[in-house]
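Heads up: the structure comes next, in structure tokens.
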Amino acid sequence: MALLLPTTLFAQLSTNPDKFLGNITTRGNVDAGGGVPAYYTLWNQITCENESKWGSVEGNRGNFNWGCDRAFNYAKQHGFTYKFHALLWGAQYPNWLPDLTPKERFAAITNWFNKVKEKYNTLPMIDVVNEAVGRHQEGNPMIKESMGGGGKTGYDWLIKAFDMAGQRWPDAILIYNDYNSIRWDVDNYITLVQTLRDAGAPIDAYGNQSHELGDISVSELTNVLKKQQDALQMPMYITELDIDKANDSQQKSQYEKILPIMWEAPYCAGVTLWGYIHGSTWVDNSGLYKNGVERPAMTWIKEYMATDAAKNAASPFPGMKKEASVYIRPAALKVVRGDVLPIKVNARLATKTIEKVDLYVDNELIASMTEAPYKTDYIVPSSISSGWKTTKAVVTATDGSTYERYGRFSVVSGSSKKEPYGEAPELPGTIKIDEYDKGVSGISYYNATRNTTTSTKTDQWMDYTVDVKEDGLYSFDATVASTMANGRFHLAEYGLDSLTFLTEFMEVPKTGGATEWKTLHGYLTTELTAGRHVFTLLVDQGGFNIKDITFNRYEEADGSCVMKSFDDRYGVGDHVTVSAKATSRTSTISEVRFYANGLLIGTDTEKPYQCVFIPTEKRTYDIMAVSLNAEGKEKRSQIYPLQVTSDTPLAIQTIESDNEPDTPTYNIMGMPVDANYRGIVIKNGKKYVIK
């Protein structure tokens with residue numbers, strides 16, 4: 001792992017080579033001033049209190065204020081480590097985020113991750129997600145929706161966040177951090193972290209903020225930390241410790257009770273105190289310096305850190321570095337007896353070479369692998385009992401050192417193995433929605449019935465085993481019908497490397513009725529490889545009907561497809577002319593298709609290529625044209641927004657003329673319209689463009 005390199009060495013309070021005693025910035029500054037010793041003489045790790053949170057960095061969309069540079073550069077200058085806090089938090093996000101659609105929010109989150117990567121190519125530690133248990137933070141439901149929802153695991157949104165972070169910072173220690181993890185929400189916290197670990201997300205440690213420990217007893221703290229560690233078997237950080245006591249003796253006494261328990265736990269990799277200046281943090285009396293004077297708790301901390309117990313306490317990250325990245329990724333978290341469960345150990349060592357990877361299920365060796373990818377197919381025995389099964393990966397380096405990682409999967413009751421509904425559909429080709437994989441609820445599908453006319457339900461999902469015949473990019477057309485707006489789904493693949501969103505969040509608009517079938521067009525966001533795949537259809541917001549999805553190879557045509565932008569204001573019910581120019585250098589244009597938010601609104605095979613779109617909602621529509629040449633290759637136009645700002649028509653509507661439109665004036669619904677009228681008149685089913 002590439003850590004921040006020292007330029008000068010100083011003796012901070014922690015001289016333990018494997019653990020840090022860190023702190024936070026004070027009102028955006030590193031050194032507090034006011035007679036308090038310089039930061040680097042006390043602490044050897046730093047976290048920004050607010051400066052690296054998304055809401056602070058990108059308060060104005062597209063403008064990035066990297067106030068966290070001060071702490072990052074200070075840590076680099078003085079030779080200690082830095083933690084980025086935090087990538088996602090349902091409290092301090094930009095105030096413009098709620099105004100976006102889920103698809104737009106996901107794009108904004110992806111852009112935020114990318115911008116942090118551009119700014120800080122290497123980070124030692126990252127709080128990837130902060131405070132995601134339940135509804136502790138008001139914005140959690142919105143962030144959850146924006147990251148794909150609960151999905152098959154209930155925590156897909158968090159798995160996706162860690163996958164995104166791991167792809168950008170593979171050498172960083174990736175942490176899940178939460179507030180009431182020790183006192184009031186212990187079980188939910190454990191379940192959340194367990195699920196991330198069991199699903200194979202690249203989570204390296206769990207963080208206990210420890211704000212709430214002003215009156216915790218030694219026995220309660222000891223028991224809770226043991227409960228967490230027994231369940232998670234991963235490194236732990238104490239991330240935001242403070243003791244909010246105005247009484248000096250009480251504050252000192254509580255630190256004396258709890259800090260040694262935390263520090264000396266062999267699975268604790270470090271402790272970060274949340275502020276050391278009285279009156280400068282979110283709580284009133286947590287500071288360790290008051291009016292520039294050291295409080296008794298601070299005096300005791302100095303004394304304790306000088307003891308042999310503190311100096312020699314073991315850590316799961318020797319040298320405060322992450323040598324091993326080891327994650328056990330099963331194809332599913334639930335199986336039945338007789339199922340074949342592919343499992344991959346994603347293993348990498350920073351400075352050493354892997355000799356072998358051993359994989360165990362309930363302490364039975366099932367595979368010993370010497371070459372990457374470290375993948376095996378586990379046949380679930382017919383005699384195995386129901387319940388959770390523990391997996392363990394042991395990575396052995398060529399120098400004999402070993403690194404372990406634990407996980408779990410569940411064997412559920414049932415005798416129907418997971419398999420294709422019939423012959424696995426070939427792609428290019430069509431998936432029929434009611435022909436999802438056979439098997440048990442919770443494994444092959446959830447909350448689904450084999451009925452194409454049944455309305456979808458929020459959080460419903462179905463698996464489809466398919467055979468992809470050719471590598472490449474694919475487009476798709478879903479046949480949908482809906483009486484309501486705001487339906488939404490996406491396709492995903494739960495791969496052995498990551499959770500991949502195959503599509504954007506596809507919005508299903510009103511089509512005019514529950515059996516008014518329309519075509520919803522989209523593009524897969526990643527190339528497919530030839531071979532067998534399992535696609536999952538995840539219903540993010542139900543209430544619509546979906547009949548089938550047809551996949552086609554996407555090949556870009558030469559030439560151009562240029563659509564005219566919309567300059568006028570429009571209302572619901574207006575007849576809006578949508579037009580495009582399409583050319584090909586080597587072929588002929590067979591047709592041009594027009595889409596509004598992905599829904600097919602018209603097709604034209606002759607010049608001028610155009611259609612009439614009648615908006616049904618007050619909103620912004622994304623309008624796009626796609627030309628197809630004689631070989632079936634596509635050319636997409638630029639997307640233009642159509643702003644519908646009124647609940648009633650604002651423009652002259654397209655209606656039938658009482659006489660042919662080659663006369664000087666036209667009677668529209670019995671009203672004379674002169675030649676200055678611009679639009680489309682329909683006569684006997686034929687379109688006339690009036691210019």
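Letters for chains follow the order of the structure tokens (A, B, ...), residue numbers begin at 1 for each chain, and ligand numbers begin at 1 in the order shown.
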For range 602-610 of chain A: contacts at 6 Å, only C-alpha atoms, fewer than 3 positions along chain excluded, given as a JSON list (two decimals) with N, CA and C atoms, in the first residue's frame:
```
[["chain", "number", "residue", "atom", "x", "y", "z"],
["A", 578, "VAL", "N", -40.81, 16.89, -33.63],
["A", 578, "VAL", "CA", -39.45, 16.42, -33.38],
["A", 578, "VAL", "C", -38.87, 16.00, -34.72],
["A", 579, "SER", "N", -37.73, 16.55, -35.09],
["A", 579, "SER", "CA", -37.18, 16.26, -36.42],
["A", 579, "SER", "C", -35.68, 16.03, -36.33],
["A", 580, "ALA", "N", -35.17, 15.29, -37.32],
["A", 580, "ALA", "CA", -33.74, 14.98, -37.36],
["A", 580, "ALA", "C", -33.29, 14.86, -38.80],
["A", 591, "GLU", "N", -34.39, 3.88, -41.38],
["A", 591, "GLU", "CA", -35.41, 4.55, -40.59],
["A", 591, "GLU", "C", -34.74, 5.38, -39.50],
["A", 592, "VAL", "N", -35.51, 6.30, -38.96],
["A", 592, "VAL", "CA", -35.09, 7.09, -37.81],
["A", 592, "VAL", "C", -36.13, 6.93, -36.72],
["A", 593, "ARG", "N", -35.68, 6.58, -35.54],
["A", 593, "ARG", "CA", -36.57, 6.40, -34.40],
["A", 593, "ARG", "C", -36.38, 7.55, -33.43],
["A", 594, "PHE", "N", -37.48, 7.97, -32.82],
["A", 594, "PHE", "CA", -37.45, 9.08, -31.88],
["A", 594, "PHE", "C", -37.88, 8.59, -30.49]]
```
Return as JSON lines the residues of range 334-450 of chain A lying at most 12 Å from range 471-479 of chain A, together with the closest atom-to-atom pair for each and the distance in Å to one decimal, counting only C-alpha atoms, with rows in chain order and ascending residue number.
```
{"residue": "A:Leu427", "atom": "CA", "partner": "A:Tyr474", "partner_atom": "CA", "distance": 9.2}
{"residue": "A:Pro428", "atom": "CA", "partner": "A:Tyr474", "partner_atom": "CA", "distance": 8.2}
{"residue": "A:Gly429", "atom": "CA", "partner": "A:Phe476", "partner_atom": "CA", "distance": 9.5}
{"residue": "A:Thr430", "atom": "CA", "partner": "A:Asp477", "partner_atom": "CA", "distance": 9.2}
{"residue": "A:Ile431", "atom": "CA", "partner": "A:Ala478", "partner_atom": "CA", "distance": 9.4}
{"residue": "A:Lys432", "atom": "CA", "partner": "A:Thr479", "partner_atom": "CA", "distance": 9.9}
{"residue": "A:Ile433", "atom": "CA", "partner": "A:Thr479", "partner_atom": "CA", "distance": 9.8}
```
So which residues touch Val326 in chain A within 12 Å, counting only C-alpha atoms, skipping near sequence neighbours fewer than 6 positions away, as a ChimeraX atom specification?
-> /A:166,170-171,173,197-198,200-205,234,344-350,354,357-359,374,392-396,402-407,497
Near range 412-424 of chain A, 10 Å: range 461-529 of chain A residue rows, closest pairs, only C-alpha atoms, as CSV:
```
residue,atom,partner,partner_atom,distance
A:Asp463,CA,A:Pro420,CA,8.9
A:Tyr464,CA,A:Pro420,CA,7.0
A:Thr465,CA,A:Pro420,CA,5.5
A:Val466,CA,A:Ala424,CA,5.1
A:Asp467,CA,A:Ala424,CA,6.3
A:Val468,CA,A:Ala424,CA,9.8
```
Interatomic distance (Å, one decimal) between CA of Arg450 in chain A and CA of Leu537 in chain A | 14.0 Å
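Backbone DSSP over range 101-167 of chain A yields strand (DSSP E or B) at Met125, Ile126, Asp127, Val128, Val129 and Asn130 of chain A.
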Put those residues in a file: all heavy atoms, as a JSON list (two decimals), in the first residue's frame.
```json
[["chain", "number", "residue", "atom", "x", "y", "z"],
["A", 125, "MET", "N", -6.46, 5.74, 3.85],
["A", 125, "MET", "CA", -7.68, 5.24, 4.47],
["A", 125, "MET", "C", -8.86, 6.06, 3.99],
["A", 125, "MET", "O", -8.73, 7.27, 3.79],
["A", 125, "MET", "CB", -7.60, 5.33, 6.00],
["A", 125, "MET", "CG", -6.54, 4.48, 6.65],
["A", 125, "MET", "SD", -6.61, 4.64, 8.45],
["A", 125, "MET", "CE", -6.09, 6.35, 8.65],
["A", 126, "ILE", "N", -10.00, 5.40, 3.84],
["A", 126, "ILE", "CA", -11.21, 6.10, 3.40],
["A", 126, "ILE", "C", -12.40, 5.58, 4.19],
["A", 126, "ILE", "O", -12.63, 4.36, 4.27],
["A", 126, "ILE", "CB", -11.48, 5.87, 1.90],
["A", 126, "ILE", "CG1", -10.28, 6.28, 1.05],
["A", 126, "ILE", "CG2", -12.73, 6.64, 1.46],
["A", 126, "ILE", "CD1", -10.43, 5.91, -0.42],
["A", 127, "ASP", "N", -13.19, 6.48, 4.77],
["A", 127, "ASP", "CA", -14.54, 6.14, 5.23],
["A", 127, "ASP", "C", -15.42, 6.15, 3.98],
["A", 127, "ASP", "O", -15.84, 7.22, 3.51],
["A", 127, "ASP", "CB", -15.06, 7.16, 6.25],
["A", 127, "ASP", "CG", -14.46, 6.98, 7.62],
["A", 127, "ASP", "OD1", -14.04, 5.85, 7.94],
["A", 127, "ASP", "OD2", -14.40, 7.96, 8.38],
["A", 128, "VAL", "N", -15.68, 4.98, 3.43],
["A", 128, "VAL", "CA", -16.43, 4.91, 2.17],
["A", 128, "VAL", "C", -17.87, 5.33, 2.39],
["A", 128, "VAL", "O", -18.43, 6.13, 1.64],
["A", 128, "VAL", "CB", -16.36, 3.49, 1.57],
["A", 128, "VAL", "CG1", -17.19, 3.40, 0.29],
["A", 128, "VAL", "CG2", -14.91, 3.12, 1.29],
["A", 129, "VAL", "N", -18.49, 4.79, 3.45],
["A", 129, "VAL", "CA", -19.87, 5.13, 3.78],
["A", 129, "VAL", "C", -19.94, 5.42, 5.27],
["A", 129, "VAL", "O", -19.33, 4.71, 6.09],
["A", 129, "VAL", "CB", -20.85, 3.99, 3.43],
["A", 129, "VAL", "CG1", -22.28, 4.39, 3.78],
["A", 129, "VAL", "CG2", -20.74, 3.63, 1.95],
["A", 130, "ASN", "N", -20.68, 6.44, 5.61],
["A", 130, "ASN", "CA", -20.82, 6.88, 7.00],
["A", 130, "ASN", "C", -22.29, 6.81, 7.41],
["A", 130, "ASN", "O", -23.17, 7.30, 6.70],
["A", 130, "ASN", "CB", -20.31, 8.32, 7.12],
["A", 130, "ASN", "CG", -20.05, 8.75, 8.54],
["A", 130, "ASN", "OD1", -19.43, 8.03, 9.31],
["A", 130, "ASN", "ND2", -20.48, 9.95, 8.89]]
```
One decimal, Å: what's the distance from CA of Ala625 in chain A over to CA of Ser584 in chain A, could you say?
->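 According to the coordinates, CA of Ala625 in chain A and CA of Ser584 in chain A are separated by 14.7 Å.
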Considering only C-alpha atoms, state which residue in the set A:Ser590, A:Leu650, A:Val380, A:Lys633 is at the smallest distance from Asn552 in chain A.
->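 Smallest distance to Asn552 in chain A is found for A:Lys633.
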Quick one: pull the distance between CA of Val271 in chain A and CA of Lys117 in chain A, Å, one decimal.
-> 25.5 Å
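Comparing A:Glu634, A:Glu617, A:Asp558, A:Glu493 by their smallest distance to Gly151 in chain A, the closest is A:Glu493 (using only C-alpha atoms).
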